[in-house]
Structure formats: structure tokens, C-alpha cells
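Report on the following structure.
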Amino acid sequence: MLAKIFFSSVVAAIMTFAGSLWIDKLYSRSSELTFPEEISSRSKFRKPLLFFALANLIYLSDDLFLMAAIFLLALMTVTDFEQYMLFDAMTFPLALIGIFYSWQNSSLQDNLIAAAVGGGIFFLIAIVSKGALGGGDVKLIFGLGFWLGTQKLLNVVMIGTIFGGVVALIMILLKKKSRGSYFAYGPYFTLSAIYFLLAQKNIV
């Protein structure tokens with residue numbers, strides 16, 4: 001047990017350092033950040049929170065595919081909370097690794113349908129909502145389809161939407177946001193996805 005805790009902590013420390021460095025580089029190259037003047041203040045708790053989350057999640061799983069997904073989803077949670085941004089540099093690898101994961105688990109057909117239908121529906125919502133739902137969210141749902149399949153992807157969308165809506169309502173009531181303000185739903189999808197990824201391996 002102690003050896004596993006030590007291993008999880010070391011891997012989490014490496015991932016936290018590398019992931020935070022990657023995020024900072026993506027920020028420096030982007031001209032579309034929502035809070036470009038607040039990068040430092042909005043990221044001050046990033047490393048300790050990321051390390052704590054990754055150490056515990058890695059401890060629960062010894063599947064390399066799952067570790068890769070959790071790492072990418074954790075980083076996307078961070079970027080969407082900090083800057084309301086989901087980067088292609090993270091969503092595309094998530095989808096690509098997910099294809100290999102689906103093939104390895106003989107679930108490629110169902111997961112391909114989930115990716116196509118889920119991504120397609122979110123794409124239409126993004127068009128109809130005129131930007132209320134971002135392209136990053138569309139790509140995230142597309143990528144998650146390869147990992148979760150139709151039923152679990154639907155669960156992630158429902159739970160993420162409900163929790164995100166509740167938080168948005170609370171922020172509006174507290175006057176932290178207005179009705180027309182942009183709100184990041186990505187973290188609620190990513191966190192829900194992490195739970196279902198662990199659940200389908202009977203880890204939680």
C-alpha cells in the first residue's frame with residue numbers, strides 16, 4: 001500500500017509539473033483567453049489542487065489508457081475553470097487515445113456512434129445557441145464518446161448540464177454572474193466523465 005501511495009504521488013508530481021507547464025505554454029500562445037490579465041491570480045491554487053486530484057485518481061487506477069484520459073480531463077477542467085477555454089491540443093489527443101481504448105475493449109462501434117451522435121448534437125446546439133456553447137465543448141463530447149459509449153455519455157451530459165445549471169443559477173442569485181454572462185460547462189462534463197471512467201472499471 002505504501003509503495004502504491006509513493007508511486008501515485010511521484011507520478012502525480014510529474015504530471016502536475018508537466019501539465020501546468022503545458023497549460024502556461026498554451027495560454028502564452030492563445031489570443032482568445034477570457035481573462036488574459038488574471039492568469040496568475042486565477043491559477044494560484046492550480047498546482048496543489050491538480051496534484052491532490054491526480055495523486056488520488058492515479059492511486060485508484062493502474063490502467064495506462066485510463067491514466068492518460070484522467071490526466072487530459074484534469075487539465076481541461078483547469079483550463080476551463082481558469083480561462084473558459086478547452087484547447088484542441090487536449091481534446092484531440094483525448095479522442096485519438098479513446099479510439100485505441102475502444103478498439104482494445106471491443107467497443108469501437110458503440111463508442112463511434114456515441115462520439116458521432118453526441119458531437120453532432122452538441123454541434124447543432126452550438127450553432128443554435130450562437131456561441132453560448134463553445135466549440136471546445138463540442139470536441140470534448142465527441143472525444144468522450146470514444147471512452148464512454150452511448151449510455152454513459154448521455155449520463156455525463158445530463159449530470160454535467162444539471163450541476164452546471166445549478167452552479168450557474170447560484171452565481172446569478174449571488175450576483176457573481178448575469179443572465180447574459182458566459183458560463184463554463186466543460187468542468188462539469190470532465191468531472192462527471194472521470195467518475196464514469198472509474199465506475200466502468202469498478203474502481204468507484
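Chain lettering (A, B, ...) mirrors the order of the C-alpha cells, residue numbering begins at 1 for each chain separately, and ligand numbering begins at 1 in order of display.
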
List every residue of stretch 75-204 of chain A that DSSP, applied to the backbone of this structure, assigns to helix (DSSP H, G or I), and report them as a ChimeraX atom specification. /A:75-83,88-104,108-128,135-173,186-199

Per residue of stretch 67-170 of chain A within 9 Å of stretch 183-197 of chain A, note the shortest atom pair and the distance in Å to one decimal, counting only C-alpha atoms, and order the rows by chain and increasing residue number, as JSON lines.
```
{"residue": "A:Ala69", "atom": "CA", "partner": "A:Ile194", "partner_atom": "CA", "distance": 8.1}
{"residue": "A:Ile70", "atom": "CA", "partner": "A:Ile194", "partner_atom": "CA", "distance": 6.3}
{"residue": "A:Leu73", "atom": "CA", "partner": "A:Thr190", "partner_atom": "CA", "distance": 5.6}
{"residue": "A:Ala74", "atom": "CA", "partner": "A:Thr190", "partner_atom": "CA", "distance": 7.4}
{"residue": "A:Met76", "atom": "CA", "partner": "A:Pro187", "partner_atom": "CA", "distance": 7.2}
{"residue": "A:Thr77", "atom": "CA", "partner": "A:Pro187", "partner_atom": "CA", "distance": 4.6}
{"residue": "A:Val78", "atom": "CA", "partner": "A:Pro187", "partner_atom": "CA", "distance": 7.7}
{"residue": "A:Thr79", "atom": "CA", "partner": "A:Pro187", "partner_atom": "CA", "distance": 8.8}
{"residue": "A:Asp80", "atom": "CA", "partner": "A:Gly186", "partner_atom": "CA", "distance": 6.2}
{"residue": "A:Phe81", "atom": "CA", "partner": "A:Pro187", "partner_atom": "CA", "distance": 6.8}
{"residue": "A:Gln83", "atom": "CA", "partner": "A:Ala184", "partner_atom": "CA", "distance": 8.9}
{"residue": "A:Tyr84", "atom": "CA", "partner": "A:Ala184", "partner_atom": "CA", "distance": 5.5}
{"residue": "A:Met85", "atom": "CA", "partner": "A:Ala184", "partner_atom": "CA", "distance": 8.2}
{"residue": "A:Leu86", "atom": "CA", "partner": "A:Gly186", "partner_atom": "CA", "distance": 7.6}
{"residue": "A:Ala132", "atom": "CA", "partner": "A:Phe183", "partner_atom": "CA", "distance": 8.1}
{"residue": "A:Leu133", "atom": "CA", "partner": "A:Tyr185", "partner_atom": "CA", "distance": 8.3}
{"residue": "A:Gly134", "atom": "CA", "partner": "A:Ala184", "partner_atom": "CA", "distance": 8.9}
{"residue": "A:Gly136", "atom": "CA", "partner": "A:Gly186", "partner_atom": "CA", "distance": 8.1}
{"residue": "A:Asp137", "atom": "CA", "partner": "A:Gly186", "partner_atom": "CA", "distance": 6.1}
{"residue": "A:Leu140", "atom": "CA", "partner": "A:Gly186", "partner_atom": "CA", "distance": 7.9}
{"residue": "A:Ile141", "atom": "CA", "partner": "A:Phe189", "partner_atom": "CA", "distance": 8.1}
{"residue": "A:Leu144", "atom": "CA", "partner": "A:Ala193", "partner_atom": "CA", "distance": 7.5}
{"residue": "A:Trp147", "atom": "CA", "partner": "A:Leu197", "partner_atom": "CA", "distance": 7.6}
{"residue": "A:Leu148", "atom": "CA", "partner": "A:Leu197", "partner_atom": "CA", "distance": 7.0}
{"residue": "A:Lys152", "atom": "CA", "partner": "A:Phe196", "partner_atom": "CA", "distance": 6.9}
{"residue": "A:Leu153", "atom": "CA", "partner": "A:Ala193", "partner_atom": "CA", "distance": 7.8}
{"residue": "A:Asn155", "atom": "CA", "partner": "A:Ser192", "partner_atom": "CA", "distance": 8.4}
{"residue": "A:Val156", "atom": "CA", "partner": "A:Ser192", "partner_atom": "CA", "distance": 5.4}
{"residue": "A:Val157", "atom": "CA", "partner": "A:Phe189", "partner_atom": "CA", "distance": 6.4}
{"residue": "A:Met158", "atom": "CA", "partner": "A:Phe189", "partner_atom": "CA", "distance": 8.9}
{"residue": "A:Ile159", "atom": "CA", "partner": "A:Ser192", "partner_atom": "CA", "distance": 6.9}
{"residue": "A:Gly160", "atom": "CA", "partner": "A:Tyr188", "partner_atom": "CA", "distance": 4.5}
{"residue": "A:Thr161", "atom": "CA", "partner": "A:Tyr185", "partner_atom": "CA", "distance": 7.1}
{"residue": "A:Ile162", "atom": "CA", "partner": "A:Tyr188", "partner_atom": "CA", "distance": 8.9}
{"residue": "A:Phe163", "atom": "CA", "partner": "A:Tyr188", "partner_atom": "CA", "distance": 6.8}
{"residue": "A:Gly164", "atom": "CA", "partner": "A:Tyr185", "partner_atom": "CA", "distance": 5.7}
{"residue": "A:Gly165", "atom": "CA", "partner": "A:Tyr185", "partner_atom": "CA", "distance": 8.3}
{"residue": "A:Ala168", "atom": "CA", "partner": "A:Phe183", "partner_atom": "CA", "distance": 7.0}
```

For those residues, write N, CA and C atoms to a file as an mmCIF file, in the first residue's frame.
```cif
data_model
loop_
_atom_site.group_PDB
_atom_site.id
_atom_site.type_symbol
_atom_site.label_atom_id
_atom_site.label_comp_id
_atom_site.auth_asym_id
_atom_site.auth_seq_id
_atom_site.Cartn_x
_atom_site.Cartn_y
_atom_site.Cartn_z
ATOM 1 N N ALA A 69 -6.404 9.460 -19.983
ATOM 2 C CA ALA A 69 -7.684 10.176 -20.068
ATOM 3 C C ALA A 69 -7.881 11.080 -18.858
ATOM 4 N N ILE A 70 -7.600 10.547 -17.676
ATOM 5 C CA ILE A 70 -7.766 11.326 -16.445
ATOM 6 C C ILE A 70 -6.849 12.551 -16.456
ATOM 7 N N LEU A 73 -8.310 15.086 -18.932
ATOM 8 C CA LEU A 73 -9.562 15.650 -18.411
ATOM 9 C C LEU A 73 -9.304 16.573 -17.228
ATOM 10 N N ALA A 74 -8.331 16.225 -16.394
ATOM 11 C CA ALA A 74 -7.977 17.092 -15.266
ATOM 12 C C ALA A 74 -7.432 18.428 -15.765
ATOM 13 N N MET A 76 -8.071 19.810 -18.679
ATOM 14 C CA MET A 76 -9.175 20.548 -19.301
ATOM 15 C C MET A 76 -10.084 21.180 -18.253
ATOM 16 N N THR A 77 -10.249 20.494 -17.130
ATOM 17 C CA THR A 77 -11.015 21.075 -16.025
ATOM 18 C C THR A 77 -10.355 22.369 -15.568
ATOM 19 N N VAL A 78 -9.037 22.340 -15.460
ATOM 20 C CA VAL A 78 -8.278 23.509 -15.023
ATOM 21 C C VAL A 78 -8.422 24.660 -16.017
ATOM 22 N N THR A 79 -8.182 24.398 -17.304
ATOM 23 C CA THR A 79 -8.205 25.493 -18.285
ATOM 24 C C THR A 79 -9.600 26.101 -18.440
ATOM 25 N N ASP A 80 -10.634 25.267 -18.304
ATOM 26 C CA ASP A 80 -11.982 25.819 -18.452
ATOM 27 C C ASP A 80 -12.399 26.608 -17.221
ATOM 28 N N PHE A 81 -11.954 26.183 -16.054
ATOM 29 C CA PHE A 81 -12.229 26.971 -14.848
ATOM 30 C C PHE A 81 -11.456 28.289 -14.870
ATOM 31 N N GLN A 83 -9.835 29.913 -17.575
ATOM 32 C CA GLN A 83 -9.931 30.812 -18.727
ATOM 33 C C GLN A 83 -11.130 30.529 -19.633
ATOM 34 N N TYR A 84 -12.030 29.640 -19.215
ATOM 35 C CA TYR A 84 -13.183 29.271 -20.048
ATOM 36 C C TYR A 84 -12.721 28.799 -21.424
ATOM 37 N N MET A 85 -11.650 27.995 -21.418
ATOM 38 C CA MET A 85 -11.052 27.525 -22.671
ATOM 39 C C MET A 85 -10.811 26.016 -22.623
ATOM 40 N N LEU A 86 -11.188 25.336 -23.697
ATOM 41 C CA LEU A 86 -10.826 23.941 -23.904
ATOM 42 C C LEU A 86 -9.991 23.904 -25.181
ATOM 43 N N ALA A 132 -23.251 30.312 -27.227
ATOM 44 C CA ALA A 132 -23.410 30.056 -25.792
ATOM 45 C C ALA A 132 -22.709 28.764 -25.412
ATOM 46 N N LEU A 133 -22.700 27.818 -26.343
ATOM 47 C CA LEU A 133 -21.955 26.577 -26.173
ATOM 48 C C LEU A 133 -20.758 26.639 -27.119
ATOM 49 N N GLY A 134 -19.563 26.495 -26.570
ATOM 50 C CA GLY A 134 -18.357 26.688 -27.368
ATOM 51 C C GLY A 134 -17.941 25.474 -28.168
ATOM 52 N N GLY A 136 -15.098 24.089 -28.080
ATOM 53 C CA GLY A 136 -14.346 23.190 -27.217
ATOM 54 C C GLY A 136 -15.238 22.159 -26.559
ATOM 55 N N ASP A 137 -16.447 22.567 -26.174
ATOM 56 C CA ASP A 137 -17.401 21.636 -25.565
ATOM 57 C C ASP A 137 -17.834 20.572 -26.573
ATOM 58 N N LEU A 140 -15.023 18.155 -26.901
ATOM 59 C CA LEU A 140 -14.916 17.371 -25.674
ATOM 60 C C LEU A 140 -15.917 16.222 -25.681
ATOM 61 N N ILE A 141 -17.177 16.515 -26.000
ATOM 62 C CA ILE A 141 -18.211 15.481 -26.028
ATOM 63 C C ILE A 141 -17.907 14.446 -27.103
ATOM 64 N N LEU A 144 -15.182 12.262 -25.671
ATOM 65 C CA LEU A 144 -15.672 11.418 -24.581
ATOM 66 C C LEU A 144 -16.501 10.242 -25.094
ATOM 67 N N TRP A 147 -14.692 7.059 -25.263
ATOM 68 C CA TRP A 147 -14.347 6.461 -23.971
ATOM 69 C C TRP A 147 -15.551 5.857 -23.255
ATOM 70 N N LEU A 148 -16.704 6.443 -23.456
ATOM 71 C CA LEU A 148 -17.836 6.111 -22.601
ATOM 72 C C LEU A 148 -18.954 5.312 -23.268
ATOM 73 N N LYS A 152 -23.333 5.940 -21.108
ATOM 74 C CA LYS A 152 -22.535 6.699 -20.133
ATOM 75 C C LYS A 152 -22.296 8.130 -20.614
ATOM 76 N N LEU A 153 -22.181 8.327 -21.916
ATOM 77 C CA LEU A 153 -22.030 9.695 -22.425
ATOM 78 C C LEU A 153 -23.299 10.497 -22.147
ATOM 79 N N ASN A 155 -25.316 9.989 -19.690
ATOM 80 C CA ASN A 155 -25.297 10.273 -18.250
ATOM 81 C C ASN A 155 -24.399 11.461 -17.934
ATOM 82 N N VAL A 156 -23.240 11.508 -18.576
ATOM 83 C CA VAL A 156 -22.303 12.617 -18.353
ATOM 84 C C VAL A 156 -22.928 13.939 -18.781
ATOM 85 N N VAL A 157 -23.569 13.942 -19.945
ATOM 86 C CA VAL A 157 -24.195 15.167 -20.442
ATOM 87 C C VAL A 157 -25.307 15.633 -19.501
ATOM 88 N N MET A 158 -26.136 14.696 -19.052
ATOM 89 C CA MET A 158 -27.249 15.046 -18.166
ATOM 90 C C MET A 158 -26.744 15.571 -16.824
ATOM 91 N N ILE A 159 -25.822 14.835 -16.213
ATOM 92 C CA ILE A 159 -25.310 15.235 -14.901
ATOM 93 C C ILE A 159 -24.531 16.539 -15.001
ATOM 94 N N GLY A 160 -23.680 16.666 -16.022
ATOM 95 C CA GLY A 160 -22.905 17.879 -16.200
ATOM 96 C C GLY A 160 -23.784 19.097 -16.427
ATOM 97 N N THR A 161 -24.833 18.916 -17.232
ATOM 98 C CA THR A 161 -25.754 20.024 -17.511
ATOM 99 C C THR A 161 -26.517 20.438 -16.262
ATOM 100 N N ILE A 162 -26.980 19.459 -15.493
ATOM 101 C CA ILE A 162 -27.746 19.754 -14.273
ATOM 102 C C ILE A 162 -26.871 20.476 -13.249
ATOM 103 N N PHE A 163 -25.698 19.904 -12.960
ATOM 104 C CA PHE A 163 -24.820 20.520 -11.967
ATOM 105 C C PHE A 163 -24.321 21.879 -12.434
ATOM 106 N N GLY A 164 -23.973 21.976 -13.711
ATOM 107 C CA GLY A 164 -23.538 23.256 -14.245
ATOM 108 C C GLY A 164 -24.639 24.296 -14.167
ATOM 109 N N GLY A 165 -25.871 23.880 -14.465
ATOM 110 C CA GLY A 165 -27.015 24.794 -14.391
ATOM 111 C C GLY A 165 -27.283 25.267 -12.975
ATOM 112 N N ALA A 168 -24.577 27.739 -12.069
ATOM 113 C CA ALA A 168 -24.821 28.990 -12.790
ATOM 114 C C ALA A 168 -25.947 29.786 -12.129
#
```

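By chain and then residue number, the residues within 8 Å of A:Ala115 are A:Asn111, A:Gly119, A:Ile141, A:Phe142, A:Gly143, A:Leu144, A:Gly145, A:Phe146, A:Gly149, counting only C-alpha atoms and disregarding those fewer than 4 positions away in sequence.
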
Write out as CSV the residues of stretch 86-161 of chain A that have any atom within 12 Å of an atom of stretch 48-65 of chain A, one row each with the nearest atom pair and its distance in Å to one decimal, counting only C-alpha atoms, sorted by chain and then rising number.
```
residue,atom,partner,partner_atom,distance
A:Pro93,CA,A:Phe65,CA,11.6
A:Leu94,CA,A:Phe65,CA,10.0
A:Ala95,CA,A:Phe65,CA,11.8
A:Leu96,CA,A:Phe65,CA,11.1
A:Ile97,CA,A:Phe65,CA,7.4
A:Gly98,CA,A:Phe65,CA,8.1
A:Ile99,CA,A:Phe65,CA,10.6
A:Phe100,CA,A:Phe65,CA,8.7
A:Tyr101,CA,A:Phe65,CA,6.6
A:Ser102,CA,A:Phe65,CA,10.2
A:Trp103,CA,A:Phe65,CA,11.8
A:Gln104,CA,A:Phe65,CA,10.0
A:Asn105,CA,A:Phe65,CA,11.0
A:Trp147,CA,A:Phe65,CA,9.8
```

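What separates atom CA of A:Pro36 from atom CA of A:Ile23 is a distance of 13.2 Å.
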
What separation in Å, quoted to one decimal, exists between atom CA of A:Thr91 and atom CA of A:Trp22? 13.8 Å

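For the set A:Asp24, A:Thr16, A:Glu82, A:Val166, the residue with the smallest atom-to-atom gap to A:Ser41 is A:Glu82, counting only C-alpha atoms.
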